[in-house]
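Comments concern the structure below.
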Amino acid sequence: MSNSSTLNLYKRNISLMYFLKFFQSLHFFSAVLIPFFIDWGGINFTQIMILQSVFVFSAFAMEVPTGVIADYFGRKHSIALAIFFNIAGILVYASYPNFYIFVIAEFLWAIANALMSGADQAMVYDSLKKYKSEHLSKKIFARFKSFNVAAIMISGPIGSLIATYLGLRATMLFMAFPMIIALIISLFLTEPRTKKSKESKRYLQIFSSGVKHFRNNKILQILSFDMISNFALVFMVIWTYQLLLEQLGVAIIYFGFVHAAIAGIQVIFLNSVPWMEKLFKSKKNYLLWSAVIPGLAYLVLATNQNIYLAVLLLMLITGFGLTRSTLFDSYINKYIESHNRSTVISFISMLKKFTIGVIYPIVGILVDWSLTFTFIIIGSSILGMIFISRVEEEHLLD
């Protein structure tokens with residue numbers, strides 16, 4: 001095969017990953033997440049948070065072993081397996097409304113999440129590296145995330161309509177169809193690994209190499225801490241905004257449209273990163289304000305009673321807060337060698353999940369106490385983390 005044809009294969013990889021991410025992210029039930037669990041599933045908010053902890057800690061336990069699978073057997077196989085477990089989890093979830101059935105489904109999704117977490121980024125970045133275009137990583141990761149968010153934005157209104165006319169269970173069951181398409185796409189990927197593992201190399205050696213790389217790289221630790229601490233707090237908006245909408249008297253058919261709005265703003269932000277960095281004068285300043293604004297928005301949201309202002313504040317939280325970690329994906333990859341990429345990224349993802357897993361039950365208790373005070377505590381915590389961050393401009397490589 002000619003050099004040109006080989007490079008085209010890796011360029012095609014990136015395009016295929018865009019569409020794979022799109023179909024994998026058509027989560028129709030997300031628009032009615034809380035009603036799905038409470039009204040159809042028959043469980044309370046505390047049990048919802050317990051399920052999320054089951055997911056997080058299961059994924060936490062599986063992160064490094066599945067990252068090793070990606071490094072040892074290849075990203076393509078890891079991605080295909082991830083989607084297979086996604087489909088299995090969907091079918092189990094839609095089978096019967098029972099807390100313990102849901103636990104099994106969450107465990108299957110945890111395996112899928114762990115299999116995908118390091119492999120998808122590594123597939124994209126190493127494909128870029130194959131045709132010497134790593135300098136485009138920030139733009140490509142932003143676009144990759146845009147396909148993810150665009151799917152969420154589209155699936156939101158569809159999910160609300162499905163829930164209204166076909167029932168809450170159907171929002172889960174219908175997710176199997178786009179997942180099957182994503183599985184088919186995964187079969188056409190080309191493995192871009194730049195260094196093959198020797199057959200004699202043991203799994204433990206691969207794991208140890210990835211952890212050692214993280215432990216010995218102070219900049220990687222600084223970037224990871226900032227990304228994880230901020231994301232874990234901002235992410236709680238996904239689990240609380242539908243409770244807020246219910247308190248404000250919003251009908252379920254409109255949930256998906258609010259979901260689409262807070263997802264759509266992320267697409268705009270992701271594709272405006274270069275402009276935003278110029279507006280805020282530097283990459284570091286943009287990261288600073290992308291933490292300050294969500295923190296302040298949470299505080300205002302705590303006492304607001306206006307539906308339209310609430311939606312605007314939710315858009316600010318997700319627009320700035322949830323896109324911030326995508327920039328860190330690009331920065332972090334600059335400090336990881338290709339043959340360790342999946343394992344190190346999986347290790348960082350494991351730390352992120354552990355942090356979120358610890359926060360989930362705390363947020364559950366706080367929400368049962370008061371949604372208002374939950375927003376105040378989260379907003380104050382986000383602002384507090386700004387003073388702990390040690391990220392410097394020179395750490396943020398393009």
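Residue names in the structure tokens use chain letters A, B, ... in the order shown, residue numbers from 1 in each chain, and ligand numbers from 1 in the order shown.
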Problem set entry | Contact residues around region 364-372 of chain A with only C-alpha atoms at 12 Å, ignoring same-chain residues under 4 positions, as number ranges by chain | A: 44-53, 236-237, 239-247, 298-305, 357-360, 376-379
Problem set entry | Shell of 8 Å around Leu128 (chain A), only C-alpha atoms, local chain residues under 6 positions omitted, as a ChimeraX atom specification | /A:10-11,14,134,136-137
Exercise. Counting only C-alpha atoms, what is within 8 Å of Tyr331 (chain A), bar same-chain residues fewer than 2 positions away, as a PyMOL selection string?
Worked result: chain A and resi 138+223+327-329+333-335+395-398
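Of the listed residues (A:Ser272, A:Asn148, A:Ser78, A:Ser155), A:Ser155 comes nearest to Val32 (chain A); the distances count only C-alpha atoms.
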For this session: Pick out the residues sitting within 6 Å of region 287-290 of chain A, and hand them over as a list in words; count only C-alpha atoms, and ignore anything fewer than 2 positions along from it in its own chain.
Result: Lys284, Asn285, Val292, Ile293, Phe320 and Gly321 of chain A
For this session: Name the closest residue to Gly74 (chain A) among the candidates A:Phe36, A:Trp109, A:Leu115, A:Leu91; distances are taken between atoms, counting only C-alpha atoms.
Result: A:Leu115
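The space between CA of Ala260 (chain A) and CA of Gly156 (chain A) spans 5.3 Å.
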Seminar exercise, completed: re CA of Ile69 (chain A) and CA of Ser325 (chain A): distance 24.3 Å
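Once region 252-259 of chain A and its same-chain neighbours fewer than 6 positions away are set aside, Ala31, Val32, Met153, Gly156, Pro157, Gly159, Ser160, Leu161, Thr164 and Val311 of chain A remain within 7 Å of it when counting only C-alpha atoms.
Using only C-alpha atoms for every distance, the candidate list A:Ser346, A:Asn113, A:Ser381, A:Ser224 yields A:Asn113 as the residue closest to Ala80 (chain A).
In this comparison, which uses only C-alpha atoms, the residue of A:Gly264, A:Pro35, A:Pro178, A:Pro361 approaching Leu322 (chain A) most closely is A:Gly264.
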Please report, as an mmCIF file with C-alpha atoms, in the first residue's frame, each residue of region 87-294 of chain A to which DSSP assigns helix (DSSP H, G or I) when run on this structure's backbone.
```
data_model
loop_
_atom_site.group_PDB
_atom_site.id
_atom_site.type_symbol
_atom_site.label_atom_id
_atom_site.label_comp_id
_atom_site.auth_asym_id
_atom_site.auth_seq_id
_atom_site.Cartn_x
_atom_site.Cartn_y
_atom_site.Cartn_z
ATOM 1 C CA ILE A 87 -26.065 -2.460 23.767
ATOM 2 C CA ALA A 88 -26.225 -5.225 26.388
ATOM 3 C CA GLY A 89 -26.729 -2.614 29.127
ATOM 4 C CA ILE A 90 -29.556 -0.949 27.191
ATOM 5 C CA LEU A 91 -31.421 -4.242 26.749
ATOM 6 C CA VAL A 92 -31.046 -5.129 30.435
ATOM 7 C CA TYR A 93 -32.189 -1.669 31.549
ATOM 8 C CA PHE A 99 -33.429 -1.518 41.209
ATOM 9 C CA TYR A 100 -31.320 -4.703 41.137
ATOM 10 C CA ILE A 101 -31.851 -5.167 37.386
ATOM 11 C CA PHE A 102 -30.654 -1.567 37.004
ATOM 12 C CA VAL A 103 -27.519 -2.416 39.016
ATOM 13 C CA ILE A 104 -26.645 -5.145 36.482
ATOM 14 C CA ALA A 105 -27.254 -2.729 33.595
ATOM 15 C CA GLU A 106 -25.029 -0.084 35.204
ATOM 16 C CA PHE A 107 -22.244 -2.647 35.616
ATOM 17 C CA LEU A 108 -22.439 -3.505 31.896
ATOM 18 C CA TRP A 109 -22.303 0.190 31.052
ATOM 19 C CA ALA A 110 -19.341 0.619 33.378
ATOM 20 C CA ILE A 111 -17.417 -2.026 31.432
ATOM 21 C CA ALA A 112 -18.358 -0.273 28.181
ATOM 22 C CA ASN A 113 -17.308 3.107 29.524
ATOM 23 C CA ALA A 114 -13.958 1.791 30.724
ATOM 24 C CA LEU A 115 -13.275 0.049 27.404
ATOM 25 C CA MET A 116 -13.997 3.271 25.497
ATOM 26 C CA SER A 117 -12.464 5.901 27.794
ATOM 27 C CA ALA A 119 -9.263 3.990 23.403
ATOM 28 C CA ASP A 120 -11.341 6.619 21.580
ATOM 29 C CA GLN A 121 -8.983 9.508 22.392
ATOM 30 C CA ALA A 122 -5.941 7.376 21.587
ATOM 31 C CA MET A 123 -7.484 6.288 18.276
ATOM 32 C CA VAL A 124 -8.001 9.914 17.257
ATOM 33 C CA TYR A 125 -4.674 11.265 18.532
ATOM 34 C CA ASP A 126 -2.520 8.451 17.170
ATOM 35 C CA SER A 127 -4.297 8.702 13.803
ATOM 36 C CA LEU A 128 -3.330 12.383 13.768
ATOM 37 C CA LYS A 129 0.203 11.435 14.731
ATOM 38 C CA LYS A 130 0.424 8.976 11.822
ATOM 39 C CA GLU A 134 -0.671 16.521 16.179
ATOM 40 C CA HIS A 135 -0.770 20.335 16.083
ATOM 41 C CA LEU A 136 -4.422 20.006 15.035
ATOM 42 C CA SER A 137 -5.332 18.001 18.138
ATOM 43 C CA LYS A 138 -7.149 20.820 19.950
ATOM 44 C CA LYS A 139 -9.320 21.508 16.900
ATOM 45 C CA ILE A 140 -9.929 17.798 16.237
ATOM 46 C CA PHE A 141 -10.782 16.982 19.874
ATOM 47 C CA ALA A 142 -13.163 19.940 19.937
ATOM 48 C CA ARG A 143 -14.856 18.692 16.770
ATOM 49 C CA PHE A 144 -14.940 15.152 18.182
ATOM 50 C CA LYS A 145 -16.695 16.478 21.278
ATOM 51 C CA SER A 146 -19.012 18.528 19.039
ATOM 52 C CA PHE A 147 -20.328 15.363 17.375
ATOM 53 C CA ASN A 148 -20.953 13.936 20.838
ATOM 54 C CA VAL A 149 -22.809 17.038 21.989
ATOM 55 C CA ALA A 150 -24.686 17.441 18.694
ATOM 56 C CA ALA A 151 -26.081 13.933 19.161
ATOM 57 C CA ILE A 152 -27.147 14.773 22.706
ATOM 58 C CA MET A 153 -28.779 17.961 21.427
ATOM 59 C CA ILE A 154 -30.710 16.109 18.709
ATOM 60 C CA SER A 155 -31.701 13.185 20.920
ATOM 61 C CA GLY A 156 -33.109 15.465 23.641
ATOM 62 C CA PRO A 157 -36.290 16.659 21.891
ATOM 63 C CA ILE A 158 -36.721 13.222 20.299
ATOM 64 C CA GLY A 159 -36.478 11.625 23.737
ATOM 65 C CA SER A 160 -39.148 13.960 25.155
ATOM 66 C CA LEU A 161 -41.490 13.142 22.291
ATOM 67 C CA ILE A 162 -40.859 9.393 22.658
ATOM 68 C CA ALA A 163 -41.532 9.644 26.404
ATOM 69 C CA THR A 164 -44.743 11.621 25.874
ATOM 70 C CA TYR A 165 -46.250 9.442 23.150
ATOM 71 C CA LEU A 168 -40.484 6.363 29.291
ATOM 72 C CA ARG A 169 -39.294 2.769 28.716
ATOM 73 C CA ALA A 170 -39.183 3.374 24.947
ATOM 74 C CA THR A 171 -36.622 6.167 25.404
ATOM 75 C CA MET A 172 -34.167 3.558 26.665
ATOM 76 C CA LEU A 173 -35.061 0.757 24.254
ATOM 77 C CA ALA A 176 -30.164 0.221 20.792
ATOM 78 C CA PHE A 177 -30.667 1.145 17.131
ATOM 79 C CA PRO A 178 -28.030 3.942 16.850
ATOM 80 C CA MET A 179 -25.691 1.838 19.008
ATOM 81 C CA ILE A 180 -25.850 -0.977 16.449
ATOM 82 C CA ILE A 181 -24.867 1.530 13.746
ATOM 83 C CA ALA A 182 -21.928 2.658 15.913
ATOM 84 C CA LEU A 183 -20.843 -0.977 16.320
ATOM 85 C CA ILE A 184 -20.842 -1.470 12.533
ATOM 86 C CA ILE A 185 -18.760 1.711 12.062
ATOM 87 C CA SER A 186 -16.197 0.452 14.597
ATOM 88 C CA TYR A 203 -0.090 -6.814 31.436
ATOM 89 C CA LEU A 204 1.348 -5.692 34.773
ATOM 90 C CA GLN A 205 4.384 -4.235 33.029
ATOM 91 C CA ILE A 206 2.150 -2.219 30.700
ATOM 92 C CA PHE A 207 0.077 -0.963 33.644
ATOM 93 C CA SER A 208 3.159 -0.091 35.693
ATOM 94 C CA SER A 209 4.615 1.841 32.773
ATOM 95 C CA GLY A 210 1.464 3.950 32.417
ATOM 96 C CA VAL A 211 1.204 4.714 36.152
ATOM 97 C CA LYS A 212 4.920 5.514 36.360
ATOM 98 C CA HIS A 213 4.595 7.947 33.468
ATOM 99 C CA PHE A 214 1.801 9.778 35.313
ATOM 100 C CA ARG A 215 3.541 9.719 38.692
ATOM 101 C CA LYS A 218 4.333 16.882 37.530
ATOM 102 C CA ILE A 219 2.727 18.876 34.725
ATOM 103 C CA LEU A 220 0.471 15.942 33.881
ATOM 104 C CA GLN A 221 -0.578 15.798 37.539
ATOM 105 C CA ILE A 222 -1.290 19.548 37.676
ATOM 106 C CA LEU A 223 -3.393 19.481 34.500
ATOM 107 C CA SER A 224 -5.268 16.370 35.620
ATOM 108 C CA PHE A 225 -6.092 17.776 39.057
ATOM 109 C CA ASP A 226 -7.498 20.997 37.609
ATOM 110 C CA MET A 227 -9.559 19.146 34.995
ATOM 111 C CA ILE A 228 -10.925 16.506 37.385
ATOM 112 C CA SER A 229 -11.821 18.772 40.317
ATOM 113 C CA ASN A 230 -13.705 21.243 38.130
ATOM 114 C CA PHE A 231 -15.450 18.672 35.944
ATOM 115 C CA ALA A 232 -16.661 16.558 38.880
ATOM 116 C CA LEU A 233 -18.445 19.565 40.383
ATOM 117 C CA VAL A 234 -19.824 21.056 37.169
ATOM 118 C CA VAL A 237 -25.761 19.898 36.841
ATOM 119 C CA ILE A 238 -26.716 16.945 34.603
ATOM 120 C CA TRP A 239 -28.294 15.156 37.578
ATOM 121 C CA THR A 240 -29.949 18.180 39.182
ATOM 122 C CA TYR A 241 -31.319 20.375 36.388
ATOM 123 C CA GLN A 242 -34.396 18.193 35.748
ATOM 124 C CA LEU A 243 -35.305 18.402 39.431
ATOM 125 C CA LEU A 244 -35.034 22.181 39.074
ATOM 126 C CA LEU A 245 -37.295 22.140 36.008
ATOM 127 C CA GLU A 246 -39.886 20.129 37.921
ATOM 128 C CA GLN A 247 -39.742 22.644 40.792
ATOM 129 C CA ILE A 252 -41.914 16.835 30.646
ATOM 130 C CA ILE A 253 -42.422 17.382 26.907
ATOM 131 C CA TYR A 254 -40.196 20.471 27.176
ATOM 132 C CA PHE A 255 -37.388 18.719 29.075
ATOM 133 C CA GLY A 256 -35.781 17.539 25.837
ATOM 134 C CA PHE A 257 -35.716 21.043 24.405
ATOM 135 C CA VAL A 258 -33.975 22.382 27.515
ATOM 136 C CA HIS A 259 -31.621 19.404 27.248
ATOM 137 C CA ALA A 260 -30.940 20.337 23.609
ATOM 138 C CA ALA A 261 -30.271 23.955 24.543
ATOM 139 C CA ILE A 262 -27.699 23.156 27.226
ATOM 140 C CA ALA A 263 -26.065 20.633 24.876
ATOM 141 C CA GLY A 264 -26.159 22.939 21.841
ATOM 142 C CA ILE A 265 -24.344 25.717 23.638
ATOM 143 C CA GLN A 266 -21.448 23.308 24.156
ATOM 144 C CA VAL A 267 -21.097 22.873 20.380
ATOM 145 C CA ILE A 268 -20.855 26.649 19.989
ATOM 146 C CA PHE A 269 -18.254 26.940 22.743
ATOM 147 C CA LEU A 270 -16.191 24.013 21.467
ATOM 148 C CA VAL A 273 -12.136 28.055 21.501
ATOM 149 C CA PRO A 274 -9.488 29.981 19.457
ATOM 150 C CA TRP A 275 -11.695 33.091 19.441
ATOM 151 C CA MET A 276 -12.464 32.720 23.161
ATOM 152 C CA GLU A 277 -8.779 32.401 24.020
ATOM 153 C CA LYS A 278 -8.107 35.648 22.139
ATOM 154 C CA LEU A 279 -11.027 37.324 23.904
ATOM 155 C CA LYS A 283 -5.214 30.131 27.291
ATOM 156 C CA LYS A 284 -4.762 30.283 31.058
ATOM 157 C CA ASN A 285 -7.189 33.201 31.411
ATOM 158 C CA TYR A 286 -9.799 31.332 29.422
ATOM 159 C CA LEU A 287 -9.449 28.291 31.690
ATOM 160 C CA LEU A 288 -9.753 30.595 34.713
ATOM 161 C CA TRP A 289 -12.979 32.250 33.530
ATOM 162 C CA SER A 290 -14.399 28.940 32.334
ATOM 163 C CA ALA A 291 -14.344 27.972 36.026
ATOM 164 C CA VAL A 292 -15.422 31.337 37.502
ATOM 165 C CA ILE A 293 -18.525 31.718 35.320
ATOM 166 C CA PRO A 294 -20.062 28.265 36.095
#
```
